[in-house]
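**Student:** My structure file input12.cif, mmCIF, N, CA, C and O atoms, is below:
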data_structure
loop_
_atom_site.label_atom_id
_atom_site.label_comp_id
_atom_site.auth_asym_id
_atom_site.auth_seq_id
_atom_site.Cartn_x
_atom_site.Cartn_y
_atom_site.Cartn_z
N MET A 1 362.37 133.86 35.18
CA MET A 1 361.88 135.17 34.78
C MET A 1 362.83 135.71 33.73
O MET A 1 364.05 135.57 33.85
N ASP A 2 362.30 136.31 32.67
CA ASP A 2 363.17 136.83 31.62
C ASP A 2 363.88 138.12 32.08
O ASP A 2 363.49 138.75 33.06
N ILE A 3 364.92 138.48 31.36
CA ILE A 3 365.76 139.61 31.76
C ILE A 3 364.99 140.92 31.78
O ILE A 3 365.14 141.71 32.72
N ASP A 4 364.15 141.16 30.78
CA ASP A 4 363.39 142.42 30.76
C ASP A 4 362.47 142.54 31.97
O ASP A 4 362.39 143.60 32.59
N HIS A 5 361.80 141.47 32.31
CA HIS A 5 360.91 141.48 33.47
C HIS A 5 361.71 141.70 34.75
O HIS A 5 361.32 142.49 35.63
N ARG A 6 362.83 141.05 34.84
CA ARG A 6 363.70 141.18 36.01
C ARG A 6 364.19 142.63 36.16
O ARG A 6 364.18 143.20 37.25
N LEU A 7 364.61 143.24 35.05
CA LEU A 7 365.08 144.63 35.08
C LEU A 7 363.95 145.59 35.45
O LEU A 7 364.15 146.52 36.24
N ARG A 8 362.76 145.38 34.90
CA ARG A 8 361.62 146.25 35.24
C ARG A 8 361.28 146.13 36.72
O ARG A 8 360.99 147.14 37.39
N ARG A 9 361.32 144.93 37.24
CA ARG A 9 361.03 144.70 38.66
C ARG A 9 362.07 145.40 39.55
O ARG A 9 361.73 146.06 40.52
N MET A 10 363.35 145.26 39.19
CA MET A 10 364.41 145.92 39.95
C MET A 10 364.25 147.44 39.90
O MET A 10 364.39 148.11 40.92
N LYS A 11 363.96 147.97 38.72
CA LYS A 11 363.81 149.41 38.58
C LYS A 11 362.65 149.92 39.43
O LYS A 11 362.77 150.94 40.11
N PHE A 12 361.52 149.22 39.41
CA PHE A 12 360.39 149.63 40.21
C PHE A 12 360.75 149.64 41.70
O PHE A 12 360.49 150.60 42.41
N ARG A 13 361.37 148.56 42.16
CA ARG A 13 361.75 148.46 43.57
C ARG A 13 362.79 149.52 43.94
O ARG A 13 362.77 150.04 45.05
N ALA A 14 363.67 149.84 43.01
CA ALA A 14 364.71 150.84 43.28
C ALA A 14 364.12 152.24 43.41
O ALA A 14 364.62 153.05 44.20
N TRP A 15 363.07 152.53 42.65
CA TRP A 15 362.47 153.87 42.66
C TRP A 15 361.31 154.01 43.64
O TRP A 15 360.72 155.08 43.75
N HIS A 16 360.98 152.96 44.37
CA HIS A 16 359.87 153.00 45.33
C HIS A 16 360.35 152.50 46.69
O HIS A 16 359.86 151.50 47.20
N ARG A 17 361.29 153.23 47.26
CA ARG A 17 361.93 152.82 48.50
C ARG A 17 361.22 153.36 49.74
O ARG A 17 361.32 152.78 50.80
N GLY A 18 360.57 154.49 49.63
CA GLY A 18 359.88 155.05 50.79
C GLY A 18 360.30 156.48 51.10
O GLY A 18 359.54 157.21 51.72
N THR A 19 361.51 156.85 50.69
CA THR A 19 361.94 158.24 50.84
C THR A 19 362.50 158.72 49.51
O THR A 19 363.06 157.93 48.74
N LYS A 20 362.35 159.99 49.26
CA LYS A 20 362.84 160.56 48.00
C LYS A 20 364.35 160.39 47.87
O LYS A 20 364.87 160.10 46.80
N GLU A 21 365.06 160.56 48.99
CA GLU A 21 366.52 160.45 48.97
C GLU A 21 366.95 159.04 48.55
O GLU A 21 367.85 158.87 47.72
N ALA A 22 366.32 158.04 49.14
CA ALA A 22 366.66 156.65 48.79
C ALA A 22 366.25 156.34 47.36
O ALA A 22 366.97 155.65 46.64
N ASP A 23 365.10 156.87 46.93
CA ASP A 23 364.67 156.66 45.55
C ASP A 23 365.71 157.21 44.58
O ASP A 23 366.08 156.55 43.61
N LEU A 24 366.18 158.43 44.83
CA LEU A 24 367.16 159.05 43.95
C LEU A 24 368.48 158.28 43.94
O LEU A 24 369.07 158.06 42.88
N LEU A 25 368.91 157.87 45.10
CA LEU A 25 370.19 157.18 45.20
C LEU A 25 370.12 155.78 44.56
O LEU A 25 370.89 155.48 43.64
N ILE A 26 369.21 154.97 45.00
CA ILE A 26 369.14 153.59 44.54
C ILE A 26 368.53 153.51 43.14
O ILE A 26 369.02 152.79 42.27
N GLY A 27 367.47 154.28 42.91
CA GLY A 27 366.87 154.30 41.57
C GLY A 27 367.79 154.91 40.54
O GLY A 27 367.88 154.43 39.41
N GLY A 28 368.49 155.97 40.92
CA GLY A 28 369.44 156.60 40.00
C GLY A 28 370.56 155.67 39.63
O GLY A 28 371.01 155.62 38.47
N PHE A 29 371.05 154.91 40.59
CA PHE A 29 372.09 153.92 40.33
C PHE A 29 371.57 152.86 39.35
O PHE A 29 372.26 152.50 38.39
N CYS A 30 370.37 152.39 39.58
CA CYS A 30 369.76 151.39 38.70
C CYS A 30 369.62 151.95 37.28
O CYS A 30 370.00 151.28 36.32
N ASP A 31 369.10 153.15 37.15
CA ASP A 31 368.93 153.76 35.83
C ASP A 31 370.26 153.88 35.10
O ASP A 31 370.34 153.66 33.89
N ARG A 32 371.29 154.25 35.83
CA ARG A 32 372.59 154.51 35.21
C ARG A 32 373.27 153.23 34.73
O ARG A 32 373.89 153.22 33.67
N TYR A 33 373.16 152.14 35.48
CA TYR A 33 373.97 150.96 35.19
C TYR A 33 373.22 149.69 34.78
O TYR A 33 373.82 148.79 34.20
N ALA A 34 371.96 149.56 35.08
CA ALA A 34 371.26 148.27 34.94
C ALA A 34 371.28 147.69 33.53
O ALA A 34 371.34 146.47 33.37
N ALA A 35 371.23 148.53 32.52
CA ALA A 35 371.14 148.02 31.15
C ALA A 35 372.31 147.11 30.78
O ALA A 35 372.15 146.19 29.97
N GLY A 36 373.47 147.31 31.38
CA GLY A 36 374.63 146.52 31.03
C GLY A 36 374.99 145.44 32.03
O GLY A 36 376.04 144.81 31.92
N TRP A 37 374.13 145.18 33.02
CA TRP A 37 374.46 144.23 34.07
C TRP A 37 374.40 142.78 33.60
O TRP A 37 373.54 142.39 32.82
N THR A 38 375.31 142.01 34.14
CA THR A 38 375.30 140.56 33.95
C THR A 38 374.32 139.96 34.97
O THR A 38 373.81 140.67 35.84
N ASP A 39 374.12 138.66 34.87
CA ASP A 39 373.24 137.98 35.83
C ASP A 39 373.78 138.14 37.25
O ASP A 39 373.01 138.42 38.17
N ALA A 40 375.08 138.02 37.43
CA ALA A 40 375.67 138.16 38.76
C ALA A 40 375.49 139.58 39.29
O ALA A 40 375.23 139.78 40.49
N GLU A 41 375.62 140.58 38.43
CA GLU A 41 375.44 141.97 38.85
C GLU A 41 373.98 142.26 39.22
O GLU A 41 373.71 142.98 40.18
N MET A 42 373.06 141.66 38.47
CA MET A 42 371.65 141.82 38.83
C MET A 42 371.35 141.16 40.17
O MET A 42 370.61 141.71 40.99
N THR A 43 371.94 140.01 40.41
CA THR A 43 371.76 139.33 41.69
C THR A 43 372.31 140.18 42.83
O THR A 43 371.68 140.30 43.89
N TRP A 44 373.46 140.82 42.63
CA TRP A 44 374.04 141.73 43.62
C TRP A 44 373.07 142.87 43.93
O TRP A 44 372.81 143.19 45.08
N PHE A 45 372.52 143.48 42.87
CA PHE A 45 371.61 144.60 43.06
C PHE A 45 370.32 144.16 43.75
O PHE A 45 369.80 144.86 44.62
N GLU A 46 369.82 143.00 43.40
CA GLU A 46 368.63 142.47 44.08
C GLU A 46 368.89 142.28 45.57
O GLU A 46 368.01 142.53 46.40
N ALA A 47 370.10 141.89 45.92
CA ALA A 47 370.46 141.76 47.33
C ALA A 47 370.52 143.13 48.00
O ALA A 47 370.07 143.30 49.14
N ILE A 48 371.03 144.13 47.30
CA ILE A 48 371.06 145.51 47.83
C ILE A 48 369.63 145.98 48.11
O ILE A 48 369.37 146.64 49.11
N LEU A 49 368.71 145.62 47.22
CA LEU A 49 367.31 146.04 47.40
C LEU A 49 366.68 145.46 48.66
O LEU A 49 365.70 146.00 49.15
N GLU A 50 367.24 144.39 49.18
CA GLU A 50 366.73 143.79 50.40
C GLU A 50 367.27 144.47 51.67
O GLU A 50 366.76 144.24 52.76
N GLU A 51 368.28 145.30 51.51
CA GLU A 51 368.90 145.98 52.65
C GLU A 51 368.11 147.23 53.03
O GLU A 51 367.33 147.76 52.23
N GLN A 52 368.33 147.69 54.25
CA GLN A 52 367.67 148.91 54.74
C GLN A 52 368.22 150.13 54.01
O GLN A 52 369.43 150.22 53.75
N ASP A 53 367.34 151.07 53.69
CA ASP A 53 367.74 152.29 52.98
C ASP A 53 368.85 153.03 53.70
O ASP A 53 369.80 153.50 53.06
N VAL A 54 368.75 153.16 55.00
CA VAL A 54 369.77 153.92 55.75
C VAL A 54 371.13 153.26 55.60
O VAL A 54 372.15 153.96 55.54
N ASP A 55 371.18 151.95 55.54
CA ASP A 55 372.46 151.26 55.37
C ASP A 55 373.02 151.49 53.97
O ASP A 55 374.19 151.83 53.82
N VAL A 56 372.19 151.30 52.95
CA VAL A 56 372.65 151.49 51.57
C VAL A 56 373.11 152.92 51.36
O VAL A 56 374.15 153.16 50.74
N MET A 57 372.36 153.86 51.89
CA MET A 57 372.74 155.26 51.74
C MET A 57 374.06 155.55 52.44
O MET A 57 374.91 156.26 51.91
N ALA A 58 374.26 154.99 53.62
CA ALA A 58 375.52 155.19 54.33
C ALA A 58 376.69 154.60 53.56
O ALA A 58 377.76 155.21 53.47
N TRP A 59 376.49 153.44 52.97
CA TRP A 59 377.56 152.83 52.16
C TRP A 59 377.86 153.69 50.95
O TRP A 59 379.02 153.95 50.63
N ALA A 60 376.80 154.15 50.27
CA ALA A 60 376.98 154.93 49.04
C ALA A 60 377.62 156.28 49.31
O ALA A 60 378.36 156.80 48.47
N LEU A 61 377.35 156.86 50.47
CA LEU A 61 377.90 158.16 50.81
C LEU A 61 379.25 158.06 51.52
O LEU A 61 379.88 159.06 51.82
N GLY A 62 379.67 156.84 51.80
CA GLY A 62 380.97 156.63 52.42
C GLY A 62 381.01 156.87 53.91
O GLY A 62 382.09 157.00 54.49
N THR A 63 379.85 156.92 54.56
CA THR A 63 379.83 157.14 56.00
C THR A 63 379.81 155.84 56.80
O THR A 63 379.91 155.87 58.02
N ALA A 64 379.69 154.72 56.11
CA ALA A 64 379.76 153.40 56.74
C ALA A 64 380.42 152.44 55.76
O ALA A 64 380.34 152.63 54.54
N VAL A 65 381.06 151.45 56.28
CA VAL A 65 381.73 150.44 55.46
C VAL A 65 380.72 149.34 55.12
O VAL A 65 380.08 148.80 56.03
N PRO A 66 380.58 149.03 53.83
CA PRO A 66 379.63 147.97 53.46
C PRO A 66 380.15 146.60 53.87
O PRO A 66 381.36 146.38 53.99
N PRO A 67 379.24 145.65 54.06
CA PRO A 67 379.67 144.27 54.32
C PRO A 67 380.49 143.74 53.14
O PRO A 67 380.31 144.17 52.00
N ASP A 68 381.36 142.80 53.42
CA ASP A 68 382.22 142.22 52.39
C ASP A 68 381.44 141.71 51.18
O ASP A 68 381.90 141.82 50.05
N ALA A 69 380.26 141.18 51.42
CA ALA A 69 379.44 140.63 50.33
C ALA A 69 379.07 141.68 49.29
O ALA A 69 378.78 141.34 48.14
N PHE A 70 379.07 142.95 49.68
CA PHE A 70 378.68 144.01 48.77
C PHE A 70 379.88 144.78 48.20
O PHE A 70 379.71 145.66 47.36
N CYS A 71 381.08 144.47 48.66
CA CYS A 71 382.27 145.18 48.18
C CYS A 71 382.64 144.68 46.78
O CYS A 71 382.39 143.54 46.43
N GLY A 72 383.20 145.58 45.99
CA GLY A 72 383.63 145.22 44.64
C GLY A 72 383.33 146.34 43.67
O GLY A 72 383.06 147.49 44.05
N ALA A 73 383.34 145.99 42.40
CA ALA A 73 383.18 146.99 41.33
C ALA A 73 381.84 147.72 41.39
O ALA A 73 381.78 148.93 41.16
N GLN A 74 380.77 147.01 41.70
CA GLN A 74 379.46 147.68 41.75
C GLN A 74 379.38 148.64 42.92
O GLN A 74 378.81 149.72 42.79
N MET A 75 379.92 148.27 44.06
CA MET A 75 379.93 149.20 45.19
C MET A 75 380.79 150.41 44.86
O MET A 75 380.43 151.54 45.20
N ASP A 76 381.89 150.19 44.17
CA ASP A 76 382.73 151.31 43.74
C ASP A 76 381.94 152.26 42.84
O ASP A 76 382.03 153.48 42.97
N ALA A 77 381.15 151.71 41.94
CA ALA A 77 380.32 152.53 41.07
C ALA A 77 379.25 153.28 41.87
O ALA A 77 378.95 154.45 41.59
N LEU A 78 378.69 152.64 42.86
CA LEU A 78 377.70 153.28 43.74
C LEU A 78 378.32 154.47 44.46
O LEU A 78 377.69 155.51 44.61
N LEU A 79 379.57 154.33 44.86
CA LEU A 79 380.28 155.40 45.55
C LEU A 79 380.63 156.57 44.62
O LEU A 79 380.71 157.71 45.06
N ARG A 80 380.83 156.29 43.33
CA ARG A 80 381.24 157.32 42.37
C ARG A 80 380.08 158.08 41.73
O ARG A 80 380.29 159.16 41.17
N LEU A 81 378.90 157.53 41.76
CA LEU A 81 377.78 158.13 41.02
C LEU A 81 377.47 159.53 41.54
O LEU A 81 377.49 159.79 42.74
N ASP A 82 377.20 160.46 40.62
CA ASP A 82 376.90 161.85 40.97
C ASP A 82 375.40 161.98 41.24
O ASP A 82 374.60 162.16 40.32
N TYR A 83 375.04 161.89 42.51
CA TYR A 83 373.62 161.91 42.89
C TYR A 83 373.00 163.28 42.75
O TYR A 83 371.80 163.41 42.58
N VAL A 84 373.79 164.32 42.80
CA VAL A 84 373.28 165.68 42.59
C VAL A 84 372.77 165.81 41.17
O VAL A 84 371.69 166.36 40.92
N ALA A 85 373.52 165.30 40.20
CA ALA A 85 373.09 165.35 38.81
C ALA A 85 371.79 164.60 38.60
O ALA A 85 370.91 165.03 37.85
N ILE A 86 371.62 163.47 39.28
CA ILE A 86 370.39 162.69 39.17
C ILE A 86 369.21 163.51 39.73
O ILE A 86 368.14 163.56 39.14
N ALA A 87 369.42 164.14 40.87
CA ALA A 87 368.34 164.91 41.52
C ALA A 87 367.94 166.13 40.70
O ALA A 87 366.80 166.57 40.78
N MET A 88 368.84 166.64 39.88
CA MET A 88 368.57 167.86 39.13
C MET A 88 367.87 167.60 37.80
O MET A 88 367.46 168.52 37.13
N ARG A 89 367.71 166.34 37.43
CA ARG A 89 367.09 166.08 36.12
C ARG A 89 365.61 166.15 36.17
O ARG A 89 364.91 166.31 37.04
#
Since I need it in another form, could you write the structure as structure tokens?
**Tutor:**
Amino acid sequence: MDIDHRLRRMKFRAWHRGTKEADLLIGGFCDRYAAGWTDAEMTWFEAILEEQDVDVMAWALGTAVPPDAFCGAQMDALLRLDYVAIAMR
């Protein structure tokens, strides 16, 4: 699958999670960072998309520790993103 198709698919899945809160958190993260992702970073995000919303939200909000497989620079970025600013746009 080409990169553009892969990014569009990730963006759609990120913004159609089932709850507005998860859409804003996961979709907002995708909007903010996806354009510059490497293949490995896209693979990481695709794995995040397979996780339960409550888990991803807990990791992003710092109320739960993410599994080792998700720790690193991208998880750090997920923790730093200003979700209030995303919700206000």
**Student:** Which residues are near A:Ala64? Cut-off 12 Å, only C-alpha atoms, ignore same chain within fewer than 6 positions. Put them as a ChimeraX atom specification.
**Tutor:** /A:54-58,79
**Student:** Quick one: what's the axis-aligned box for stretch 3-21 of chain A, all listed atoms, 6 Å on every side, centre and edges in Å to one decimal, as JSON?
**Tutor:**
{"center_x": 363.7, "center_y": 149.5, "center_z": 41.2, "size_x": 20.3, "size_y": 34.1, "size_z": 33.0}
**Student:** Rounded to one decimal, what separation in Å do you get between atom C of A:Ile26 and atom C of A:Ala14?
**Tutor:**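 Rounded to one decimal, the two atoms are 4.6 Å apart.
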**Student:** Rank nothing, just name the residue among A:Tyr33, A:Glu50, A:Arg9, A:Trp44 nearest to A:Phe70, using all atoms listed in the file.
**Tutor:**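 Nearest to A:Phe70: A:Trp44.
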**Student:** Find the residues with any atom within 7 Å of (373.4, 156.5, 41.4); use all atoms listed in the file and the coordinates as given in the file, and write the answer as a list in words.
**Tutor:**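 The residues that fall inside the cut-off are Leu24, Leu25, Ile26, Gly27, Gly28, Phe29, Cys30, Asp31, Arg32, Ala77, Leu78, Arg80, Leu81, Asp82 and Tyr83 of chain A.
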**Student:** Just how far from atom CA of A:Ile48 is atom C of A:Asp2, in Å to one decimal?
**Tutor:**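 It comes out at 18.8 Å.
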**Student:** Please identify which residues in chain A DSSP calls helix (DSSP H, G or I) from the backbone, and express them as a VMD selection string.
**Tutor:** chain A and resid 3 to 15 20 to 36 39 to 49 53 to 61 68 to 70 73 to 80 83 to 87
**Student:** Mind pulling up the distance from atom CA of A:Leu49 to atom N of A:Thr19?
**Tutor:**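 About the pair atom N of A:Thr19 and atom CA of A:Leu49: they are 12.7 Å apart.
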**Student:** For A:Met10, which of A:Asp39, A:Asp76, A:Asp23, A:Glu46 is the closest residue, counting only C-alpha atoms?
**Tutor:**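 Among the listed residues, the smallest separation from A:Met10 belongs to A:Glu46.
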**Student:** With all heavy atoms as the target, complete stretch 15-26 of chain A and hand it back as a PDB file, in the frame of the given file.
**Tutor:**
ATOM      1  N   TRP A  15     363.070 152.530  42.650  1.00  0.00           N
ATOM      2  CA  TRP A  15     362.470 153.870  42.660  1.00  0.00           C
ATOM      3  C   TRP A  15     361.310 154.010  43.640  1.00  0.00           C
ATOM      4  O   TRP A  15     360.720 155.080  43.750  1.00  0.00           O
ATOM      5  CB  TRP A  15     362.012 154.255  41.260  1.00  0.00           C
ATOM      6  CG  TRP A  15     363.140 154.788  40.443  1.00  0.00           C
ATOM      7  CD1 TRP A  15     363.806 154.150  39.437  1.00  0.00           C
ATOM      8  CD2 TRP A  15     363.756 156.073  40.562  1.00  0.00           C
ATOM      9  NE1 TRP A  15     364.793 154.949  38.937  1.00  0.00           N
ATOM     10  CE2 TRP A  15     364.780 156.144  39.602  1.00  0.00           C
ATOM     11  CE3 TRP A  15     363.544 157.176  41.404  1.00  0.00           C
ATOM     12  CZ2 TRP A  15     365.594 157.268  39.448  1.00  0.00           C
ATOM     13  CZ3 TRP A  15     364.350 158.296  41.241  1.00  0.00           C
ATOM     14  CH2 TRP A  15     365.354 158.336  40.274  1.00  0.00           C
ATOM     15  N   HIS A  16     360.980 152.960  44.370  1.00  0.00           N
ATOM     16  CA  HIS A  16     359.870 153.000  45.330  1.00  0.00           C
ATOM     17  C   HIS A  16     360.350 152.500  46.690  1.00  0.00           C
ATOM     18  O   HIS A  16     359.860 151.500  47.200  1.00  0.00           O
ATOM     19  CB  HIS A  16     358.676 152.181  44.829  1.00  0.00           C
ATOM     20  CG  HIS A  16     358.077 152.760  43.600  1.00  0.00           C
ATOM     21  ND1 HIS A  16     358.558 152.461  42.335  1.00  0.00           N
ATOM     22  CD2 HIS A  16     357.076 153.645  43.425  1.00  0.00           C
ATOM     23  CE1 HIS A  16     357.851 153.139  41.443  1.00  0.00           C
ATOM     24  NE2 HIS A  16     356.949 153.858  42.079  1.00  0.00           N
ATOM     25  N   ARG A  17     361.290 153.230  47.260  1.00  0.00           N
ATOM     26  CA  ARG A  17     361.930 152.820  48.500  1.00  0.00           C
ATOM     27  C   ARG A  17     361.220 153.360  49.740  1.00  0.00           C
ATOM     28  O   ARG A  17     361.320 152.780  50.800  1.00  0.00           O
ATOM     29  CB  ARG A  17     363.393 153.281  48.526  1.00  0.00           C
ATOM     30  CG  ARG A  17     364.235 152.764  47.390  1.00  0.00           C
ATOM     31  CD  ARG A  17     364.404 151.287  47.407  1.00  0.00           C
ATOM     32  NE  ARG A  17     365.088 150.874  48.631  1.00  0.00           N
ATOM     33  CZ  ARG A  17     365.374 149.629  48.921  1.00  0.00           C
ATOM     34  NH1 ARG A  17     365.027 148.663  48.110  1.00  0.00           N
ATOM     35  NH2 ARG A  17     365.994 149.327  50.043  1.00  0.00           N
ATOM     36  N   GLY A  18     360.570 154.490  49.630  1.00  0.00           N
ATOM     37  CA  GLY A  18     359.880 155.050  50.790  1.00  0.00           C
ATOM     38  C   GLY A  18     360.300 156.480  51.100  1.00  0.00           C
ATOM     39  O   GLY A  18     359.540 157.210  51.720  1.00  0.00           O
ATOM     40  N   THR A  19     361.510 156.850  50.690  1.00  0.00           N
ATOM     41  CA  THR A  19     361.940 158.240  50.840  1.00  0.00           C
ATOM     42  C   THR A  19     362.500 158.720  49.510  1.00  0.00           C
ATOM     43  O   THR A  19     363.060 157.930  48.740  1.00  0.00           O
ATOM     44  CB  THR A  19     363.035 158.414  51.929  1.00  0.00           C
ATOM     45  OG1 THR A  19     364.219 157.741  51.506  1.00  0.00           O
ATOM     46  CG2 THR A  19     362.567 157.888  53.281  1.00  0.00           C
ATOM     47  N   LYS A  20     362.350 159.990  49.260  1.00  0.00           N
ATOM     48  CA  LYS A  20     362.840 160.560  48.000  1.00  0.00           C
ATOM     49  C   LYS A  20     364.350 160.390  47.870  1.00  0.00           C
ATOM     50  O   LYS A  20     364.870 160.100  46.800  1.00  0.00           O
ATOM     51  CB  LYS A  20     362.443 162.046  47.913  1.00  0.00           C
ATOM     52  CG  LYS A  20     362.789 162.686  46.599  1.00  0.00           C
ATOM     53  CD  LYS A  20     361.994 162.072  45.467  1.00  0.00           C
ATOM     54  CE  LYS A  20     362.189 162.849  44.199  1.00  0.00           C
ATOM     55  NZ  LYS A  20     361.501 162.232  43.082  1.00  0.00           N
ATOM     56  N   GLU A  21     365.060 160.560  48.990  1.00  0.00           N
ATOM     57  CA  GLU A  21     366.520 160.450  48.970  1.00  0.00           C
ATOM     58  C   GLU A  21     366.950 159.040  48.550  1.00  0.00           C
ATOM     59  O   GLU A  21     367.850 158.870  47.720  1.00  0.00           O
ATOM     60  CB  GLU A  21     367.107 160.796  50.334  1.00  0.00           C
ATOM     61  CG  GLU A  21     366.917 162.228  50.747  1.00  0.00           C
ATOM     62  CD  GLU A  21     365.553 162.512  51.376  1.00  0.00           C
ATOM     63  OE1 GLU A  21     364.725 161.584  51.502  1.00  0.00           O
ATOM     64  OE2 GLU A  21     365.324 163.673  51.744  1.00  0.00           O
ATOM     65  N   ALA A  22     366.320 158.040  49.140  1.00  0.00           N
ATOM     66  CA  ALA A  22     366.660 156.650  48.790  1.00  0.00           C
ATOM     67  C   ALA A  22     366.250 156.340  47.360  1.00  0.00           C
ATOM     68  O   ALA A  22     366.970 155.650  46.640  1.00  0.00           O
ATOM     69  CB  ALA A  22     365.997 155.681  49.763  1.00  0.00           C
ATOM     70  N   ASP A  23     365.100 156.870  46.930  1.00  0.00           N
ATOM     71  CA  ASP A  23     364.670 156.660  45.550  1.00  0.00           C
ATOM     72  C   ASP A  23     365.710 157.210  44.580  1.00  0.00           C
ATOM     73  O   ASP A  23     366.080 156.550  43.610  1.00  0.00           O
ATOM     74  CB  ASP A  23     363.338 157.375  45.277  1.00  0.00           C
ATOM     75  CG  ASP A  23     362.154 156.743  45.986  1.00  0.00           C
ATOM     76  OD1 ASP A  23     362.312 155.654  46.568  1.00  0.00           O
ATOM     77  OD2 ASP A  23     361.082 157.360  45.971  1.00  0.00           O
ATOM     78  N   LEU A  24     366.180 158.430  44.830  1.00  0.00           N
ATOM     79  CA  LEU A  24     367.160 159.050  43.950  1.00  0.00           C
ATOM     80  C   LEU A  24     368.480 158.280  43.940  1.00  0.00           C
ATOM     81  O   LEU A  24     369.070 158.060  42.880  1.00  0.00           O
ATOM     82  CB  LEU A  24     367.408 160.501  44.357  1.00  0.00           C
ATOM     83  CG  LEU A  24     366.277 161.467  44.056  1.00  0.00           C
ATOM     84  CD1 LEU A  24     366.521 162.800  44.750  1.00  0.00           C
ATOM     85  CD2 LEU A  24     366.126 161.661  42.554  1.00  0.00           C
ATOM     86  N   LEU A  25     368.910 157.870  45.100  1.00  0.00           N
ATOM     87  CA  LEU A  25     370.190 157.180  45.200  1.00  0.00           C
ATOM     88  C   LEU A  25     370.120 155.780  44.560  1.00  0.00           C
ATOM     89  O   LEU A  25     370.890 155.480  43.640  1.00  0.00           O
ATOM     90  CB  LEU A  25     370.599 157.064  46.668  1.00  0.00           C
ATOM     91  CG  LEU A  25     371.992 156.530  46.921  1.00  0.00           C
ATOM     92  CD1 LEU A  25     372.593 157.245  48.120  1.00  0.00           C
ATOM     93  CD2 LEU A  25     371.966 155.047  47.174  1.00  0.00           C
ATOM     94  N   ILE A  26     369.210 154.970  45.000  1.00  0.00           N
ATOM     95  CA  ILE A  26     369.140 153.590  44.540  1.00  0.00           C
ATOM     96  C   ILE A  26     368.530 153.510  43.140  1.00  0.00           C
ATOM     97  O   ILE A  26     369.020 152.790  42.270  1.00  0.00           O
ATOM     98  CB  ILE A  26     368.381 152.729  45.565  1.00  0.00           C
ATOM     99  CG1 ILE A  26     369.128 152.779  46.915  1.00  0.00           C
ATOM    100  CG2 ILE A  26     368.221 151.289  45.080  1.00  0.00           C
ATOM    101  CD1 ILE A  26     368.357 152.232  48.094  1.00  0.00           C
TER     102      ILE A  26
END
